[in-house]
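Asker: Below: one structure in structure tokens.
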Amino acid sequence: MNVGTLFRGRAIKNVFGGDAIARINGEIVFVPGVIGGEEFVGRITRISKDYARAEVVEITKASPERIQCSCPGIGRCPGCAYGFMTHSAEQQQKLGQLRDFLKPLNVDPELVQGCRLSEAPMEFYRNKIKLTMRKAGGEAQLGYVFTDGRMYPLAQCRLASEAINNRLSELLADPGFIPSMHDRMTLTLRESADGVTIFRNSAGKHAPLLREKVLDRDFWVPTESFFQVNRYGLKVLTELVQQLLTQQKCEYFVDAYAGSGLFGAVAAASGVKFIAGVEEDVSAAEAARLNWRNFGAEKFDFRSGDAAELLPEMLAAAPVGATVLFDPPRAGLDSRAVRALNNSKIGNVIYVSCHPATLVRDLRRLQRGNFRIRQVNMIDMFPRSAHFETLVQLFR
């Protein structure tokens with residue numbers, strides 16, 4: 001095959017990232033915009049050593065799960081990857097992807113289940129978006145940037161909340177707004193319980209805390225600190241953690257990579273007697289202490305610093321029956337944190353991940369410490385996009 005070659009194919013399945021894969025003349029071809037099982041005509045757009053990429057020319061046998069995408073940016077915007085299929089089909093594809101990721105760990109597929117977000121919208125759910133300004137040759141564009149640097153300009157985003165889209169429209173209607181933005185400047189719009197906060201590049205050290213809602217209680221987050229972007233997915237995730245802590249009759253909880261203390265707050269609301277936590281971001285750590293007090297934590301030990309450095313001492317102080325929860329960034333766990341856990345006497349672990357590849361790498365490391373997987377839940381925290389959240393319960 002060469003670039004420009006037309007071919008007929010049948011999509012096998014959708015892989016992580018949203019593309020379908022097909023096998024053409026013994027070669028793997030990645031094709032966006034096709035649902036697993038569909039038959040299509042494609043055109044080769046790029047040839048690599050181990051695979052090729054193609055574009056769809058025509059769908060010759062459509063899946064009953066195919067729908068008309070409501071977003072004009074589908075296929076051109078880096079945000080949406082599944083806008084052309086029903087949400088039930090999207091969930092099944094993502095669940096299959098997670099099961100495929102876990103196959104090398106010999107995880108029983110029946111242990112890997114999806115969690116439905118009841119009454120959750122598939123659009124207009126994100127409470128935060130970050131746009132970039134590009135100015136060149138007298139032209140100004142504001143939009144999302146691909147990992148390769150390409151720009152997709154936009155005036156509205158169908159994943160962002162209505163409140164964010166309304167504020168974005170107001171900004172773009174202001175004749176002084178675009179001239180006030182410099183080339184490469186970022187614009188962040190973040191919705192909280194009190195409205196939409198806007199900042200350029202950085203919110204600054206003195207930005208106020210934002211009020212969110214967790215388990216129907218006020219929860220405080222620094223303006224630039226991480227918080228789940230989907231309140232419906234957040235509800236499913238926190239209730240699932242609460243359920244696990246209740247089942248384990250947890251009395252000692254360690255919130256590693258704690259951020260603003262979300263899961264420690266859930267533990268406090270669940271009646272856990274002692275909570276320990278660690279977070280490197282100083283402002284998030286201060287918010288975590290506030291949140292834990294507000295959620296009823298009576299005894300806790302919260303430390304500011306590198307989790308990988310502080311965990312050995314914290315885990316050594318924890319009893320055998322303690323539960324440790326990890327919610328690391330996309331890069332996953334530091335190898336020192338894994339080593340500290342494997343060398344500890346801890347028997348219960350909950351791992352929350354937004355990146356299945358680093359999750360699997362870390363689970364393999366934990367298996368070497370005699371941890372076994374009891375339960376895996378796929379939470380579609382990011383509908384229409386390529387990503388999802390995973391919760392894994394492990395025991396030793």
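Labels used: A, B, ... for chains in the order of the structure tokens, numbers from 1 for residues in each chain, and numbers from 1 for ligands as shown.
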Which residues are close to region 295-306 of chain A, i.e. within 12 Å by only C-alpha atoms, leaving aside same-chain residues fewer than 5 positions away? Reply as a PyMOL selection string.

Answerer: chain A and resi 213-220+251-290+311-314+317-318+328+333-334+336-337

Asker: Just the residues within 7 Å of region 182-185 of chain A, please, counting only C-alpha atoms, with nothing from its chain fewer than 5 positions along; format it as an MDAnalysis selection string.

Answerer: chainID A and resid 132:135 200:201

Asker: Counting only C-alpha atoms, which of A:Gln141, A:Gln68, A:Thr45, A:Asn127 gets nearest to Met1 (chain A)?

Answerer: A:Thr45

Asker: Could you pull out the strand (DSSP E) residues of region 227-388 of chain A, going by DSSP on the backbone, and write them as a ChimeraX atom specification?

Answerer: /A:252-256,274-279,299-304,323-326,348-353,372-379

Asker: Using N, CA and C atoms, can you export the residues from the last selection as a compact mmCIF listing (two decimals), in the first residue's frame?

Answerer:
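Below is the file result16.txt, written as the result:
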# COMPACT_ATOMS: atom_id res chain seq x y z
N TYR A 252 -8.50 3.10 59.22
CA TYR A 252 -7.25 3.85 59.01
C TYR A 252 -7.07 3.98 57.50
N PHE A 253 -7.03 5.21 57.02
CA PHE A 253 -7.02 5.47 55.58
C PHE A 253 -5.85 6.36 55.22
N VAL A 254 -5.12 6.01 54.16
CA VAL A 254 -3.99 6.81 53.68
C VAL A 254 -4.33 7.32 52.28
N ASP A 255 -4.38 8.64 52.15
CA ASP A 255 -4.71 9.30 50.89
C ASP A 255 -3.41 9.80 50.26
N ALA A 256 -2.81 8.97 49.39
CA ALA A 256 -1.55 9.34 48.75
C ALA A 256 -1.85 10.14 47.48
N PHE A 274 -9.11 7.37 61.52
CA PHE A 274 -7.84 8.07 61.35
C PHE A 274 -7.49 8.15 59.87
N ILE A 275 -7.08 9.35 59.44
CA ILE A 275 -6.77 9.57 58.03
C ILE A 275 -5.39 10.21 57.92
N ALA A 276 -4.59 9.68 57.02
CA ALA A 276 -3.27 10.25 56.75
C ALA A 276 -3.22 10.63 55.27
N GLY A 277 -2.46 11.68 54.96
CA GLY A 277 -2.40 12.11 53.57
C GLY A 277 -1.12 12.83 53.25
N VAL A 278 -0.80 12.90 51.96
CA VAL A 278 0.40 13.60 51.52
C VAL A 278 0.12 14.23 50.16
N GLU A 279 0.61 15.46 49.98
CA GLU A 279 0.44 16.20 48.73
C GLU A 279 1.58 17.19 48.58
N LYS A 299 -9.19 12.79 63.70
CA LYS A 299 -7.75 12.52 63.85
C LYS A 299 -7.15 12.34 62.46
N PHE A 300 -6.18 13.18 62.13
CA PHE A 300 -5.52 13.01 60.83
C PHE A 300 -4.10 13.56 60.87
N ASP A 301 -3.33 13.07 59.92
CA ASP A 301 -1.93 13.48 59.76
C ASP A 301 -1.73 13.81 58.29
N PHE A 302 -1.67 15.11 57.97
CA PHE A 302 -1.50 15.51 56.57
C PHE A 302 -0.13 16.16 56.41
N ARG A 303 0.62 15.67 55.42
CA ARG A 303 1.97 16.17 55.21
C ARG A 303 2.11 16.77 53.81
N SER A 304 2.86 17.86 53.73
CA SER A 304 3.16 18.50 52.46
C SER A 304 4.53 18.02 51.99
N THR A 323 -6.24 1.00 54.66
CA THR A 323 -6.47 1.08 53.22
C THR A 323 -5.70 2.27 52.67
N VAL A 324 -4.96 2.04 51.59
CA VAL A 324 -4.22 3.11 50.92
C VAL A 324 -4.88 3.38 49.58
N LEU A 325 -5.14 4.65 49.28
CA LEU A 325 -5.72 5.02 47.99
C LEU A 325 -4.71 5.86 47.22
N PHE A 326 -4.44 5.45 45.99
CA PHE A 326 -3.56 6.20 45.10
C PHE A 326 -4.39 6.82 43.99
N ASN A 348 -4.76 -3.57 51.88
CA ASN A 348 -5.83 -3.10 51.01
C ASN A 348 -5.40 -1.84 50.26
N VAL A 349 -5.61 -1.86 48.94
CA VAL A 349 -5.24 -0.72 48.09
C VAL A 349 -6.38 -0.41 47.14
N ILE A 350 -6.63 0.89 46.95
CA ILE A 350 -7.54 1.36 45.91
C ILE A 350 -6.72 2.25 44.99
N TYR A 351 -6.75 1.96 43.71
CA TYR A 351 -5.96 2.72 42.74
C TYR A 351 -6.93 3.37 41.76
N VAL A 352 -6.90 4.71 41.69
CA VAL A 352 -7.73 5.47 40.77
C VAL A 352 -6.82 6.03 39.67
N SER A 353 -7.16 5.76 38.42
CA SER A 353 -6.26 6.12 37.32
C SER A 353 -7.04 6.70 36.14
N ARG A 372 -3.25 -8.70 44.73
CA ARG A 372 -4.12 -9.32 43.75
C ARG A 372 -5.31 -8.40 43.49
N ILE A 373 -5.81 -8.44 42.26
CA ILE A 373 -6.92 -7.57 41.85
C ILE A 373 -8.24 -8.21 42.22
N ARG A 374 -9.05 -7.49 42.97
CA ARG A 374 -10.36 -8.00 43.38
C ARG A 374 -11.48 -7.43 42.52
N GLN A 375 -11.35 -6.17 42.08
CA GLN A 375 -12.44 -5.51 41.38
C GLN A 375 -11.87 -4.39 40.52
N VAL A 376 -12.43 -4.23 39.32
CA VAL A 376 -12.04 -3.13 38.42
C VAL A 376 -13.31 -2.48 37.89
N ASN A 377 -13.38 -1.16 37.98
CA ASN A 377 -14.53 -0.43 37.47
C ASN A 377 -14.07 0.62 36.46
N MET A 378 -14.67 0.61 35.28
CA MET A 378 -14.43 1.65 34.29
C MET A 378 -15.53 2.69 34.45
N ILE A 379 -15.12 3.94 34.70
CA ILE A 379 -16.06 5.05 34.87
C ILE A 379 -15.87 6.00 33.70

Asker: What lies within 8 Å of region 3-11 of chain A using only C-alpha atoms, ignoring chain neighbours under 4 positions off, as an MDAnalysis selection string?

Answerer: chainID A and resid 20:24 34:47

Asker: Pick out the residues sitting within 8 Å of Ala193 (chain A), and hand them over as a list of chain:residue names; count only C-alpha atoms, and ignore anything fewer than 6 positions along from it in its own chain.

Answerer: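 Skipping anything fewer than 6 positions along the chain leaves A:Leu210, A:Arg211, A:Glu212, A:Lys213.
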
Asker: Quick one: everything within 9 Å of Pro32 (chain A), counting only C-alpha atoms, minus sequence neighbours fewer than 6 positions away in the same chain. Send it as a VMD selection string.

Answerer: chain A and resid 14 18 to 21 53 to 56 75 81

Asker: Could those residues be written to a file, using all heavy atoms, as a PDB file, in the first residue's frame?

Answerer:
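Wrote out09.pdb, looks like this:
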ATOM      1  N   ASN A  14     -12.639  -0.623  18.147  1.00  0.00           N
ATOM      2  CA  ASN A  14     -12.058   0.691  18.422  1.00  0.00           C
ATOM      3  C   ASN A  14     -11.045   0.545  19.548  1.00  0.00           C
ATOM      4  O   ASN A  14     -11.346  -0.032  20.599  1.00  0.00           O
ATOM      5  CB  ASN A  14     -13.130   1.695  18.813  1.00  0.00           C
ATOM      6  CG  ASN A  14     -14.065   2.022  17.670  1.00  0.00           C
ATOM      7  OD1 ASN A  14     -15.040   1.312  17.421  1.00  0.00           O
ATOM      8  ND2 ASN A  14     -13.763   3.093  16.947  1.00  0.00           N
ATOM      9  N   GLY A  18      -9.778   6.013  20.303  1.00  0.00           N
ATOM     10  CA  GLY A  18     -10.987   6.154  19.503  1.00  0.00           C
ATOM     11  C   GLY A  18     -10.914   5.586  18.106  1.00  0.00           C
ATOM     12  O   GLY A  18     -11.937   5.263  17.502  1.00  0.00           O
ATOM     13  N   ASP A  19      -9.704   5.466  17.536  1.00  0.00           N
ATOM     14  CA  ASP A  19      -9.593   4.941  16.174  1.00  0.00           C
ATOM     15  C   ASP A  19     -10.037   3.483  16.105  1.00  0.00           C
ATOM     16  O   ASP A  19      -9.842   2.712  17.056  1.00  0.00           O
ATOM     17  CB  ASP A  19      -8.146   5.018  15.684  1.00  0.00           C
ATOM     18  CG  ASP A  19      -7.680   6.444  15.443  1.00  0.00           C
ATOM     19  OD1 ASP A  19      -8.522   7.362  15.494  1.00  0.00           O
ATOM     20  OD2 ASP A  19      -6.471   6.639  15.212  1.00  0.00           O
ATOM     21  N   ALA A  20     -10.606   3.123  14.949  1.00  0.00           N
ATOM     22  CA  ALA A  20     -10.879   1.711  14.674  1.00  0.00           C
ATOM     23  C   ALA A  20      -9.630   1.110  14.049  1.00  0.00           C
ATOM     24  O   ALA A  20      -8.795   1.820  13.477  1.00  0.00           O
ATOM     25  CB  ALA A  20     -12.059   1.575  13.728  1.00  0.00           C
ATOM     26  N   ILE A  21      -9.484  -0.194  14.168  1.00  0.00           N
ATOM     27  CA  ILE A  21      -8.384  -0.877  13.481  1.00  0.00           C
ATOM     28  C   ILE A  21      -8.967  -1.885  12.499  1.00  0.00           C
ATOM     29  O   ILE A  21     -10.016  -2.479  12.740  1.00  0.00           O
ATOM     30  CB  ILE A  21      -7.413  -1.579  14.452  1.00  0.00           C
ATOM     31  CG1 ILE A  21      -8.149  -2.619  15.318  1.00  0.00           C
ATOM     32  CG2 ILE A  21      -6.683  -0.576  15.318  1.00  0.00           C
ATOM     33  CD1 ILE A  21      -7.196  -3.505  16.111  1.00  0.00           C
ATOM     34  N   ARG A  53      -2.067   4.589   8.586  1.00  0.00           N
ATOM     35  CA  ARG A  53      -3.236   5.361   8.981  1.00  0.00           C
ATOM     36  C   ARG A  53      -4.042   5.675   7.729  1.00  0.00           C
ATOM     37  O   ARG A  53      -3.489   5.810   6.631  1.00  0.00           O
ATOM     38  CB  ARG A  53      -2.839   6.654   9.698  1.00  0.00           C
ATOM     39  CG  ARG A  53      -2.112   6.409  11.012  1.00  0.00           C
ATOM     40  CD  ARG A  53      -2.079   7.672  11.852  1.00  0.00           C
ATOM     41  NE  ARG A  53      -3.416   8.093  12.236  1.00  0.00           N
ATOM     42  CZ  ARG A  53      -4.087   7.607  13.267  1.00  0.00           C
ATOM     43  NH1 ARG A  53      -3.543   6.663  14.038  1.00  0.00           N
ATOM     44  NH2 ARG A  53      -5.294   8.053  13.557  1.00  0.00           N
ATOM     45  N   ALA A  54      -5.359   5.792   7.914  1.00  0.00           N
ATOM     46  CA  ALA A  54      -6.234   6.036   6.768  1.00  0.00           C
ATOM     47  C   ALA A  54      -7.370   6.954   7.165  1.00  0.00           C
ATOM     48  O   ALA A  54      -7.641   7.181   8.353  1.00  0.00           O
ATOM     49  CB  ALA A  54      -6.784   4.707   6.238  1.00  0.00           C
ATOM     50  N   GLU A  55      -8.050   7.498   6.159  1.00  0.00           N
ATOM     51  CA  GLU A  55      -9.259   8.286   6.363  1.00  0.00           C
ATOM     52  C   GLU A  55     -10.433   7.567   5.716  1.00  0.00           C
ATOM     53  O   GLU A  55     -10.257   6.759   4.793  1.00  0.00           O
ATOM     54  CB  GLU A  55      -9.100   9.675   5.746  1.00  0.00           C
ATOM     55  CG  GLU A  55      -8.887   9.662   4.238  1.00  0.00           C
ATOM     56  CD  GLU A  55      -8.646  11.038   3.676  1.00  0.00           C
ATOM     57  OE1 GLU A  55      -8.644  12.004   4.467  1.00  0.00           O
ATOM     58  OE2 GLU A  55      -8.460  11.155   2.444  1.00  0.00           O
ATOM     59  N   VAL A  56     -11.623   7.832   6.205  1.00  0.00           N
ATOM     60  CA  VAL A  56     -12.820   7.186   5.672  1.00  0.00           C
ATOM     61  C   VAL A  56     -13.283   7.924   4.419  1.00  0.00           C
ATOM     62  O   VAL A  56     -13.403   9.146   4.417  1.00  0.00           O
ATOM     63  CB  VAL A  56     -13.951   7.188   6.711  1.00  0.00           C
ATOM     64  CG1 VAL A  56     -15.204   6.561   6.111  1.00  0.00           C
ATOM     65  CG2 VAL A  56     -13.539   6.428   7.944  1.00  0.00           C
ATOM     66  N   GLY A  75     -13.611  14.866  14.254  1.00  0.00           N
ATOM     67  CA  GLY A  75     -12.584  14.485  13.311  1.00  0.00           C
ATOM     68  C   GLY A  75     -11.505  15.525  13.120  1.00  0.00           C
ATOM     69  O   GLY A  75     -10.444  15.231  12.570  1.00  0.00           O
ATOM     70  N   ALA A  81     -13.787  12.048  20.316  1.00  0.00           N
ATOM     71  CA  ALA A  81     -13.350  10.895  19.531  1.00  0.00           C
ATOM     72  C   ALA A  81     -14.498   9.936  19.233  1.00  0.00           C
ATOM     73  O   ALA A  81     -14.381   9.096  18.343  1.00  0.00           O
ATOM     74  CB  ALA A  81     -12.245  10.140  20.277  1.00  0.00           C
TER      75      ALA A  81
END

Asker: To one decimal place in Å, what is the distance between CA of Thr223 (chain A) and CA of Lys205 (chain A)?

Answerer: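 Atom-to-atom, CA of Thr223 (chain A) and CA of Lys205 (chain A) are spaced 9.5 Å apart.
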